[in-house]
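Structure data follow from run_31.cif (mmCIF, C-alpha atoms):
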data_run
#
loop_
_atom_site.label_atom_id
_atom_site.label_comp_id
_atom_site.auth_asym_id
_atom_site.auth_seq_id
_atom_site.Cartn_x
_atom_site.Cartn_y
_atom_site.Cartn_z
CA MET A 1 -58.47 76.93 21.19
CA SER A 2 -59.00 80.66 21.58
CA ASP A 3 -62.16 82.50 20.63
CA THR A 4 -60.41 84.32 17.80
CA SER A 5 -62.28 83.89 14.54
CA PRO A 6 -60.47 82.05 11.75
CA PHE A 7 -61.30 85.11 9.64
CA ASP A 8 -59.42 87.34 12.09
CA HIS A 9 -56.61 89.21 10.42
CA ARG A 10 -54.58 89.27 13.61
CA PRO A 11 -52.35 86.42 14.77
CA ASP A 12 -53.96 84.04 17.26
CA PRO A 13 -51.67 84.21 20.32
CA GLU A 14 -52.77 80.88 21.82
CA LEU A 15 -52.43 78.95 18.59
CA GLY A 16 -49.19 80.78 17.89
CA ARG A 17 -47.73 79.78 21.27
CA ALA A 18 -48.76 76.15 20.78
CA LEU A 19 -47.18 76.04 17.34
CA GLU A 20 -44.05 77.86 18.47
CA ASP A 21 -43.61 75.50 21.41
CA ALA A 22 -44.04 72.45 19.18
CA LEU A 23 -41.74 73.65 16.41
CA SER A 24 -38.95 75.43 18.30
CA ALA A 25 -35.59 73.84 18.95
CA SER A 26 -33.52 74.95 21.93
CA ASP A 27 -30.01 74.93 20.44
CA ASP A 28 -30.05 77.78 17.93
CA GLU A 29 -26.44 78.71 18.77
CA ARG A 30 -25.19 75.23 17.91
CA PHE A 31 -27.19 75.34 14.68
CA ALA A 32 -25.71 78.75 13.80
CA ARG A 33 -22.17 77.44 14.36
CA GLN A 34 -22.95 74.45 12.15
CA VAL A 35 -24.23 76.73 9.37
CA MET A 36 -21.15 78.96 9.64
CA THR A 37 -18.84 75.95 9.36
CA ALA A 38 -20.63 74.96 6.16
CA ALA A 39 -20.62 78.58 4.98
CA ASP A 40 -16.82 78.74 5.19
CA SER A 41 -16.58 76.66 2.02
CA VAL A 42 -18.84 79.17 0.25
CA PHE A 43 -16.72 82.07 1.52
CA GLY A 44 -13.56 80.21 0.43
CA ALA A 45 -14.97 79.61 -3.04
CA GLY A 46 -16.04 83.24 -3.16
CA ALA A 47 -12.54 84.42 -2.30
CA SER A 48 -10.93 82.34 -5.06
CA GLU A 49 -13.57 83.60 -7.51
CA LEU A 50 -12.78 87.17 -6.50
CA TRP A 51 -9.06 86.50 -6.98
CA TRP A 52 -9.68 85.14 -10.46
CA GLN A 53 -12.05 87.99 -11.36
CA GLU A 54 -9.43 90.48 -10.18
CA LEU A 55 -6.76 88.79 -12.27
CA THR A 56 -8.86 88.65 -15.41
CA ALA A 57 -9.95 92.24 -14.89
CA TRP A 58 -6.31 93.30 -14.87
CA ALA A 59 -5.23 91.01 -17.72
CA ARG A 60 -6.37 93.17 -20.64
CA PRO A 61 -4.98 96.52 -19.44
CA GLY A 62 -1.86 94.65 -18.32
CA LEU A 63 -1.34 93.22 -21.79
CA VAL A 64 -1.89 96.63 -23.38
CA ALA A 65 0.62 98.20 -20.98
CA ALA A 66 3.17 95.47 -21.70
CA MET A 67 2.76 95.93 -25.47
CA LEU A 68 3.16 99.70 -25.13
CA LEU A 69 6.33 99.16 -23.07
CA ILE A 70 7.73 96.77 -25.66
CA ALA A 71 6.88 99.18 -28.48
CA ALA A 72 8.47 102.09 -26.62
CA GLY A 73 11.57 100.01 -25.88
CA ALA A 74 11.84 98.91 -29.51
CA PHE A 75 11.45 102.50 -30.69
CA TRP A 76 14.15 103.67 -28.26
CA MET A 77 16.52 100.91 -29.33
CA GLY A 78 15.85 101.70 -32.98
CA THR A 79 16.60 105.36 -32.35
CA GLN A 80 19.84 104.50 -30.58
CA MET A 81 20.96 102.14 -33.35
CA GLY A 82 20.04 104.69 -36.00
CA GLN A 83 22.27 107.25 -34.30
CA ARG A 84 25.16 104.75 -34.34
CA GLY A 85 24.45 103.85 -37.99
CA ASN A 86 25.02 107.44 -38.99
CA GLY A 87 28.64 107.00 -37.92
CA ASN A 88 30.21 103.56 -38.41
CA GLY A 89 27.48 101.30 -37.02
CA THR A 90 27.77 98.16 -39.11
CA SER A 91 31.52 98.16 -39.24
CA ALA A 92 31.55 98.35 -35.51
CA LEU A 93 29.89 94.92 -35.53
CA GLY A 94 32.81 93.68 -37.63
CA ASP A 95 30.70 92.34 -40.51
CA PRO A 96 33.09 90.49 -42.85
CA LEU A 97 30.56 90.66 -45.71
CA SER A 98 30.20 94.43 -45.75
CA ALA A 99 29.65 96.00 -49.16
CA ALA A 100 33.02 97.72 -49.15
CA ASP A 101 34.86 94.45 -48.50
CA SER A 102 32.82 92.40 -51.02
CA GLU A 103 33.59 94.92 -53.74
CA GLN A 104 37.24 94.30 -53.07
CA LEU A 105 36.65 90.51 -53.02
CA GLY A 106 34.90 90.08 -56.36
CA VAL A 107 35.56 87.03 -58.57
CA PRO A 108 37.82 88.96 -60.94
CA VAL A 109 39.90 90.14 -58.03
CA LEU A 110 40.28 86.57 -56.77
CA LEU A 111 41.26 85.29 -60.23
CA ALA A 112 43.63 88.16 -60.92
CA GLY A 113 45.55 87.68 -57.74
CA GLY A 114 48.95 86.11 -57.94
CA GLU A 115 48.49 84.05 -54.82
CA ALA A 116 45.76 81.54 -53.94
CA PRO A 117 42.94 83.28 -52.01
CA SER A 118 42.21 82.32 -48.42
CA VAL A 119 39.20 80.11 -47.57
CA ASP A 120 37.48 83.09 -45.86
CA ALA A 121 37.76 85.17 -49.00
CA VAL A 122 36.29 82.40 -51.19
CA MET A 123 33.41 81.83 -48.78
CA ALA A 124 32.69 85.54 -48.65
CA VAL A 125 32.52 85.80 -52.42
CA ALA A 126 30.35 82.64 -52.65
CA LEU A 127 27.86 84.00 -50.10
CA GLU A 128 27.83 87.33 -51.91
CA TYR A 129 26.58 85.60 -55.06
CA MET B 130 -27.32 97.16 12.06
CA LYS B 131 -30.18 96.43 9.65
CA ASP B 132 -30.56 93.12 7.83
CA ALA B 133 -30.08 94.83 4.46
CA GLU B 134 -26.74 96.30 5.59
CA LEU B 135 -25.61 92.92 6.91
CA ALA B 136 -26.64 91.31 3.62
CA ALA B 137 -24.55 93.85 1.68
CA LEU B 138 -21.55 93.12 3.90
CA ALA B 139 -22.08 89.36 3.53
CA GLN B 140 -22.14 89.80 -0.24
CA ALA B 141 -18.77 91.55 0.01
CA GLY B 142 -17.41 88.49 1.85
CA ASP B 143 -17.92 89.58 5.48
CA ARG B 144 -18.27 86.30 7.39
CA ASP B 145 -19.32 87.96 10.65
CA ALA B 146 -22.15 89.84 8.93
CA PHE B 147 -23.52 86.62 7.55
CA GLY B 148 -23.13 85.01 10.98
CA GLU B 149 -25.27 87.74 12.50
CA LEU B 150 -27.97 87.15 9.87
CA VAL B 151 -27.90 83.43 10.67
CA ARG B 152 -28.26 84.10 14.41
CA ARG B 153 -31.15 86.51 13.85
CA HIS B 154 -33.13 84.22 11.56
CA ALA B 155 -32.10 80.75 12.72
CA ALA B 156 -35.09 80.14 14.99
CA GLN B 157 -37.65 81.21 12.38
CA ALA B 158 -35.98 79.23 9.61
CA ARG B 159 -35.81 76.09 11.73
CA ARG B 160 -39.47 76.37 12.78
CA LEU B 161 -40.62 76.84 9.20
CA ALA B 162 -38.52 73.92 7.96
CA ARG B 163 -39.82 71.73 10.77
CA ALA B 164 -43.42 72.70 9.98
CA ILE B 165 -42.85 71.50 6.43
CA LEU B 166 -40.78 68.40 7.13
CA GLY B 167 -41.73 67.28 10.63
CA ASP B 168 -38.42 65.58 11.36
CA PRO B 169 -36.17 67.98 13.35
CA ASP B 170 -32.84 66.74 11.93
CA GLU B 171 -34.04 66.87 8.37
CA ALA B 172 -35.54 70.30 9.05
CA ASP B 173 -32.16 71.57 10.30
CA ASP B 174 -30.48 70.25 7.16
CA ALA B 175 -33.07 72.03 5.02
CA ALA B 176 -32.71 75.27 7.01
CA GLN B 177 -28.94 75.06 6.58
CA ASP B 178 -29.35 74.47 2.84
CA GLY B 179 -31.57 77.54 2.77
CA PHE B 180 -29.00 79.73 4.53
CA LEU B 181 -26.21 78.57 2.23
CA ALA B 182 -28.36 79.15 -0.87
CA ALA B 183 -29.19 82.62 0.47
CA LEU B 184 -25.47 83.32 0.91
CA ARG B 185 -24.65 82.19 -2.62
CA HIS B 186 -27.42 84.32 -4.12
CA VAL B 187 -27.41 87.26 -1.69
CA GLY B 188 -26.68 89.51 -4.68
CA ARG B 189 -30.25 88.88 -5.83
CA TYR B 190 -31.73 90.19 -2.58
CA ASP B 191 -33.46 93.57 -2.97
CA PRO B 192 -32.35 95.68 0.04
CA ALA B 193 -35.47 97.82 -0.30
CA ARG B 194 -37.56 94.84 0.90
CA PRO B 195 -37.43 92.98 4.22
CA PHE B 196 -34.82 90.22 4.41
CA GLY B 197 -36.94 87.77 6.44
CA PRO B 198 -39.55 86.88 3.80
CA TRP B 199 -36.82 86.58 1.13
CA LEU B 200 -34.88 84.15 3.32
CA GLN B 201 -37.98 82.20 4.41
CA ARG B 202 -38.95 81.68 0.81
CA ILE B 203 -35.57 80.08 0.13
CA VAL B 204 -35.82 77.95 3.29
CA ALA B 205 -39.38 76.88 2.39
CA ASN B 206 -38.20 75.87 -1.09
CA ALA B 207 -35.29 73.89 0.36
CA ALA B 208 -37.62 72.10 2.80
CA SER B 209 -40.23 71.42 0.10
CA ASP B 210 -37.57 69.93 -2.17
CA ARG B 211 -36.48 67.60 0.61
CA ARG B 212 -40.08 66.62 1.28
CA ARG B 213 -40.62 65.76 -2.39
CA ARG B 214 -37.42 63.69 -2.49
CA ARG B 215 -38.47 61.94 0.73
CA LYS B 216 -41.82 61.02 -0.80
CA VAL B 217 -40.02 59.37 -3.69
CA ARG B 218 -37.68 57.50 -1.32
CA ARG B 219 -40.53 56.31 0.90
CA ALA B 220 -42.27 54.23 -1.70
CA GLU B 221 -42.27 51.21 0.61
CA PRO B 222 -44.47 51.15 3.76
CA VAL B 223 -43.07 52.32 7.08
CA SER B 224 -42.03 49.50 9.39
CA PRO B 225 -44.52 48.87 12.23
CA THR B 226 -41.61 48.65 14.68
CA MET B 227 -41.15 52.41 14.32
CA HIS B 228 -44.52 52.94 16.00
CA ASP B 229 -43.67 50.42 18.71
CA ALA B 230 -40.49 52.30 19.53
CA ALA B 231 -42.40 55.49 20.39
CA PRO B 232 -43.03 55.99 24.10
CA GLY B 233 -46.55 55.31 25.33
CA PRO B 234 -48.85 58.03 26.69
CA ASP B 235 -48.08 57.11 30.27
CA THR B 236 -44.32 57.52 29.87
CA ILE B 237 -44.21 60.96 28.35
CA THR B 238 -45.05 64.26 29.94
CA ASP B 239 -48.23 66.12 29.23
CA ARG B 240 -46.35 68.94 27.53
CA SER B 241 -44.44 66.74 25.14
CA ARG B 242 -47.68 64.88 24.39
CA PHE B 243 -49.28 68.19 23.49
CA ARG B 244 -46.36 69.00 21.23
CA GLN B 245 -46.85 65.71 19.45
CA VAL B 246 -50.55 66.45 19.01
CA VAL B 247 -49.74 69.87 17.53
CA LEU B 248 -47.17 68.37 15.16
CA ALA B 249 -49.60 65.62 14.15
CA ALA B 250 -52.29 68.23 13.50
CA LEU B 251 -49.85 70.24 11.38
CA GLU B 252 -48.96 67.12 9.44
CA LYS B 253 -52.61 66.84 8.35
CA LEU B 254 -52.50 70.24 6.67
CA PRO B 255 -51.48 70.80 3.06
CA GLU B 256 -47.96 72.22 2.89
CA ARG B 257 -48.99 75.72 1.84
CA GLN B 258 -51.50 76.02 4.71
CA ARG B 259 -48.81 74.90 7.12
CA ILE B 260 -46.39 77.56 5.94
CA ALA B 261 -49.09 80.24 5.93
CA THR B 262 -50.31 79.63 9.46
CA VAL B 263 -46.81 79.29 10.96
CA LEU B 264 -45.67 82.53 9.34
CA PHE B 265 -48.89 84.32 10.32
CA ASP B 266 -49.63 83.05 13.85
CA VAL B 267 -46.07 82.28 15.03
CA GLU B 268 -43.78 84.67 13.19
CA GLY B 269 -46.25 87.56 12.88
CA TYR B 270 -45.82 88.02 9.12
CA SER B 271 -48.46 90.01 7.26
CA HIS B 272 -50.61 88.40 4.59
CA LYS B 273 -48.67 90.41 1.99
CA GLU B 274 -45.31 89.14 3.23
CA ILE B 275 -46.60 85.56 3.26
CA SER B 276 -47.90 86.00 -0.27
CA GLU B 277 -44.33 86.96 -1.27
CA VAL B 278 -42.90 83.92 0.49
CA LEU B 279 -45.39 81.55 -1.13
CA GLY B 280 -45.67 83.33 -4.47
CA VAL B 281 -49.48 83.32 -4.33
CA PRO B 282 -52.11 86.12 -4.17
CA ILE B 283 -52.96 87.64 -0.79
CA GLY B 284 -56.51 86.25 -1.01
CA THR B 285 -55.07 82.74 -1.26
CA VAL B 286 -52.99 83.36 1.85
CA ARG B 287 -56.07 84.52 3.80
CA SER B 288 -57.90 81.40 2.72
CA ASP B 289 -54.94 79.17 3.64
CA VAL B 290 -54.64 80.73 7.09
CA PHE B 291 -58.37 80.36 7.66
CA HIS B 292 -58.49 76.68 6.70
CA ALA B 293 -55.30 75.88 8.62
CA ARG B 294 -56.60 77.55 11.77
CA ARG B 295 -59.92 75.75 11.54
CA THR B 296 -58.25 72.34 11.19
CA LEU B 297 -55.70 72.99 13.94
CA ARG B 298 -58.33 74.27 16.38
CA THR B 299 -60.54 71.27 15.75
CA GLU B 300 -57.65 68.88 16.42
CA LEU B 301 -56.37 70.70 19.48
CA ASP B 302 -59.84 71.21 20.97
CA ALA B 303 -60.48 67.49 20.58
CA TRP B 304 -57.28 66.75 22.47
CA LYS B 305 -58.22 69.21 25.24
CA ASP B 306 -61.64 67.62 25.59
CA TRP B 307 -60.01 64.20 25.82
CA ARG B 308 -57.57 65.46 28.47
CA GLU B 309 -60.34 66.97 30.60
CA SER B 310 -62.47 63.83 30.41
CA GLU B 311 -59.60 61.68 31.77
#
Will you turn the file into structure tokens for me?
Amino acid sequence: MSDTSPFDHRPDPELGRALEDALSASDDERFARQVMTAADSVFGAGASELWWQELTAWARPGLVAAMLLIAAGAFWMGTQMGQRGNGNGTSALGDPLSAADSEQLGVPVLLAGGEAPSVDAVMAVALEY
Amino acid sequence: MKDAELAALAQAGDRDAFGELVRRHAAQARRLARAILGDPDEADDAAQDGFLAALRHVGRYDPARPFGPWLQRIVANAASDRRRRRKVRRAEPVSPTMHDAAPGPDTITDRSRFRQVVLAALEKLPERQRIATVLFDVEGYSHKEISEVLGVPIGTVRSDVFHARRTLRTELDAWKDWRESE
């Protein structure tokens, strides 16, 4: 080979050329295409991982936001119902067991009546007790 | 664009950036894998494994350092793993018909014969010496870069290059002498 000493700290051009010629393949482009085809699965997996990471990253603040919305909605509804309750809220719902009615439909009232009470009146008194 | 910039883009999912890195380093990676494994097809498989492993772990690459040695270390590991597995598989002796199938000296060109001699000489070297001399004399890596690829001290790399060169020169000089005497 060349006269370069084995101790030489510079590359040996002749030995380098011989090794390069023996080891080199001519179709680097084909090889690169082959690698990229295989790499597509890695990129695909990476994309789905990113999608999942994005979703999980948004999950916690999303849950907090949803809970805040629900709380705000519940508070608003409560406020609205409270305003109605100040007027005639429950009677508006037509509750047959309202306190005012049940006072009128007590057992003594039923017994004192001259006529037989209706089934609704008996049921109302029974549920009251 | 620099390798480090391409690596950052590849990490962000840029396929073209990774493709450019593959094109830039394909020849080196294939040569190194072939120096370790000998068989060109198996070497290509190992080089491909190396590129894919590099893509999966590109986040671990330090952009302050050169990309080549980092990649070559991964490729060398992939090729070495294959070589170890091959040794386990090849417990039984190689069939003599394989030698018979090889073309005789009179049917192959002088250049391809020389290539075979070089590859046979490389095959005689320990794996680390093979990697060291290919990276030093073919790829132009510094002793420091090779020490990073191999994970050994610089002094060990110098020694490996020295012993590899001495063996290779002896083998190749012997072949030249034989050629001239014909």
With 4 Å added on each side, what axis-aligned box encloses every listed atom of range 12-18 of chain A? Give the centre and edge lengths in Å to one decimal, as JSON.
{"center_x": -50.8, "center_y": 80.2, "center_z": 19.5, "size_x": 14.2, "size_y": 16.1, "size_z": 12.6}
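What the PyMOL selection byres ((chain A) within 7 of (chain B)) picks from this file is A:Met1, A:Pro6, A:Phe7, A:Pro11, A:Asp12, A:Pro13, A:Leu15, A:Gly16, A:Arg17, A:Leu19, A:Glu20, A:Ala22, A:Leu23, A:Ser24, A:Asp28, A:Ala32, A:Val35, A:Met36, A:Ala39, A:Phe43.
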So that I have them on file, write out the residues from the current selection with C-alpha atoms, as a PDB file, keeping the file's coordinate frame.
ATOM      1  CA  MET A   1     -58.470  76.930  21.190  1.00  0.00           C
ATOM      2  CA  PRO A   6     -60.470  82.050  11.750  1.00  0.00           C
ATOM      3  CA  PHE A   7     -61.300  85.110   9.640  1.00  0.00           C
ATOM      4  CA  PRO A  11     -52.350  86.420  14.770  1.00  0.00           C
ATOM      5  CA  ASP A  12     -53.960  84.040  17.260  1.00  0.00           C
ATOM      6  CA  PRO A  13     -51.670  84.210  20.320  1.00  0.00           C
ATOM      7  CA  LEU A  15     -52.430  78.950  18.590  1.00  0.00           C
ATOM      8  CA  GLY A  16     -49.190  80.780  17.890  1.00  0.00           C
ATOM      9  CA  ARG A  17     -47.730  79.780  21.270  1.00  0.00           C
ATOM     10  CA  LEU A  19     -47.180  76.040  17.340  1.00  0.00           C
ATOM     11  CA  GLU A  20     -44.050  77.860  18.470  1.00  0.00           C
ATOM     12  CA  ALA A  22     -44.040  72.450  19.180  1.00  0.00           C
ATOM     13  CA  LEU A  23     -41.740  73.650  16.410  1.00  0.00           C
ATOM     14  CA  SER A  24     -38.950  75.430  18.300  1.00  0.00           C
ATOM     15  CA  ASP A  28     -30.050  77.780  17.930  1.00  0.00           C
ATOM     16  CA  ALA A  32     -25.710  78.750  13.800  1.00  0.00           C
ATOM     17  CA  VAL A  35     -24.230  76.730   9.370  1.00  0.00           C
ATOM     18  CA  MET A  36     -21.150  78.960   9.640  1.00  0.00           C
ATOM     19  CA  ALA A  39     -20.620  78.580   4.980  1.00  0.00           C
ATOM     20  CA  PHE A  43     -16.720  82.070   1.520  1.00  0.00           C
TER      21      PHE A  43
END
**Request:** For the file shown, report as a ChimeraX atom specification the outcome of the PyMOL selection byres ((chain B and resi 280-285) around 12) at residue level.
**Result:** /A:7,9 /B:198-199,201-203,205-206,257-258,260-261,271-279,286-292
**Request:** Quick one: pull the distance between CA of Ser310 in chain B and CA of Glu14 in chain A, Å, one decimal.
**Result:** 21.4 Å
**Point-to-point distance from CA of Asp210 in chain B to CA of Ala175 in chain B, Å rounded to tenths** =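 Going from CA of Asp210 in chain B over to CA of Ala175 in chain B, I get 8.7 Å.
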**Complete:** CA of Ala207 in chain B to CA of Ala172 in chain B measures 9.4 Å
Rebuild N, CA and C atoms on range 12-33 of chain A, as a tab-separated table (two decimals), in the frame of the given file?
chain	number	residue	atom	x	y	z
A	12	ASP	N	-53.32	84.65	16.10
A	12	ASP	CA	-53.96	84.04	17.26
A	12	ASP	C	-52.88	83.69	18.27
A	13	PRO	N	-52.80	84.42	19.40
A	13	PRO	CA	-51.67	84.21	20.32
A	13	PRO	C	-51.61	82.80	20.88
A	14	GLU	N	-52.77	82.21	21.20
A	14	GLU	CA	-52.77	80.88	21.82
A	14	GLU	C	-52.31	79.82	20.82
A	15	LEU	N	-52.84	79.90	19.63
A	15	LEU	CA	-52.43	78.95	18.59
A	15	LEU	C	-50.96	79.18	18.23
A	16	GLY	N	-50.58	80.44	18.19
A	16	GLY	CA	-49.19	80.78	17.89
A	16	GLY	C	-48.23	80.20	18.91
A	17	ARG	N	-48.60	80.32	20.20
A	17	ARG	CA	-47.73	79.78	21.27
A	17	ARG	C	-47.62	78.26	21.16
A	18	ALA	N	-48.77	77.62	20.90
A	18	ALA	CA	-48.76	76.15	20.78
A	18	ALA	C	-47.87	75.70	19.63
A	19	LEU	N	-48.00	76.40	18.50
A	19	LEU	CA	-47.18	76.04	17.34
A	19	LEU	C	-45.70	76.33	17.59
A	20	GLU	N	-45.43	77.47	18.21
A	20	GLU	CA	-44.05	77.86	18.47
A	20	GLU	C	-43.39	76.85	19.42
A	21	ASP	N	-44.14	76.46	20.44
A	21	ASP	CA	-43.61	75.50	21.41
A	21	ASP	C	-43.32	74.15	20.74
A	22	ALA	N	-44.21	73.76	19.84
A	22	ALA	CA	-44.04	72.45	19.18
A	22	ALA	C	-42.92	72.45	18.15
A	23	LEU	N	-42.70	73.61	17.53
A	23	LEU	CA	-41.74	73.65	16.41
A	23	LEU	C	-40.35	74.13	16.80
A	24	SER	N	-40.24	74.82	17.95
A	24	SER	CA	-38.95	75.43	18.30
A	24	SER	C	-37.95	74.40	18.79
A	25	ALA	N	-36.70	74.63	18.42
A	25	ALA	CA	-35.59	73.84	18.95
A	25	ALA	C	-34.81	74.75	19.90
A	26	SER	N	-34.13	74.14	20.87
A	26	SER	CA	-33.52	74.95	21.93
A	26	SER	C	-32.08	75.36	21.62
A	27	ASP	N	-31.45	74.73	20.64
A	27	ASP	CA	-30.01	74.93	20.44
A	27	ASP	C	-29.72	75.73	19.17
A	28	ASP	N	-30.26	76.94	19.11
A	28	ASP	CA	-30.05	77.78	17.93
A	28	ASP	C	-28.58	78.15	17.74
A	29	GLU	N	-27.86	78.32	18.86
A	29	GLU	CA	-26.44	78.71	18.77
A	29	GLU	C	-25.62	77.60	18.10
A	30	ARG	N	-25.90	76.36	18.51
A	30	ARG	CA	-25.19	75.23	17.91
A	30	ARG	C	-25.49	75.15	16.41
A	31	PHE	N	-26.78	75.36	16.09
A	31	PHE	CA	-27.19	75.34	14.68
A	31	PHE	C	-26.46	76.43	13.90
A	32	ALA	N	-26.38	77.63	14.49
A	32	ALA	CA	-25.71	78.75	13.80
A	32	ALA	C	-24.24	78.43	13.55
A	33	ARG	N	-23.58	77.81	14.53
A	33	ARG	CA	-22.17	77.44	14.36
A	33	ARG	C	-22.01	76.43	13.22
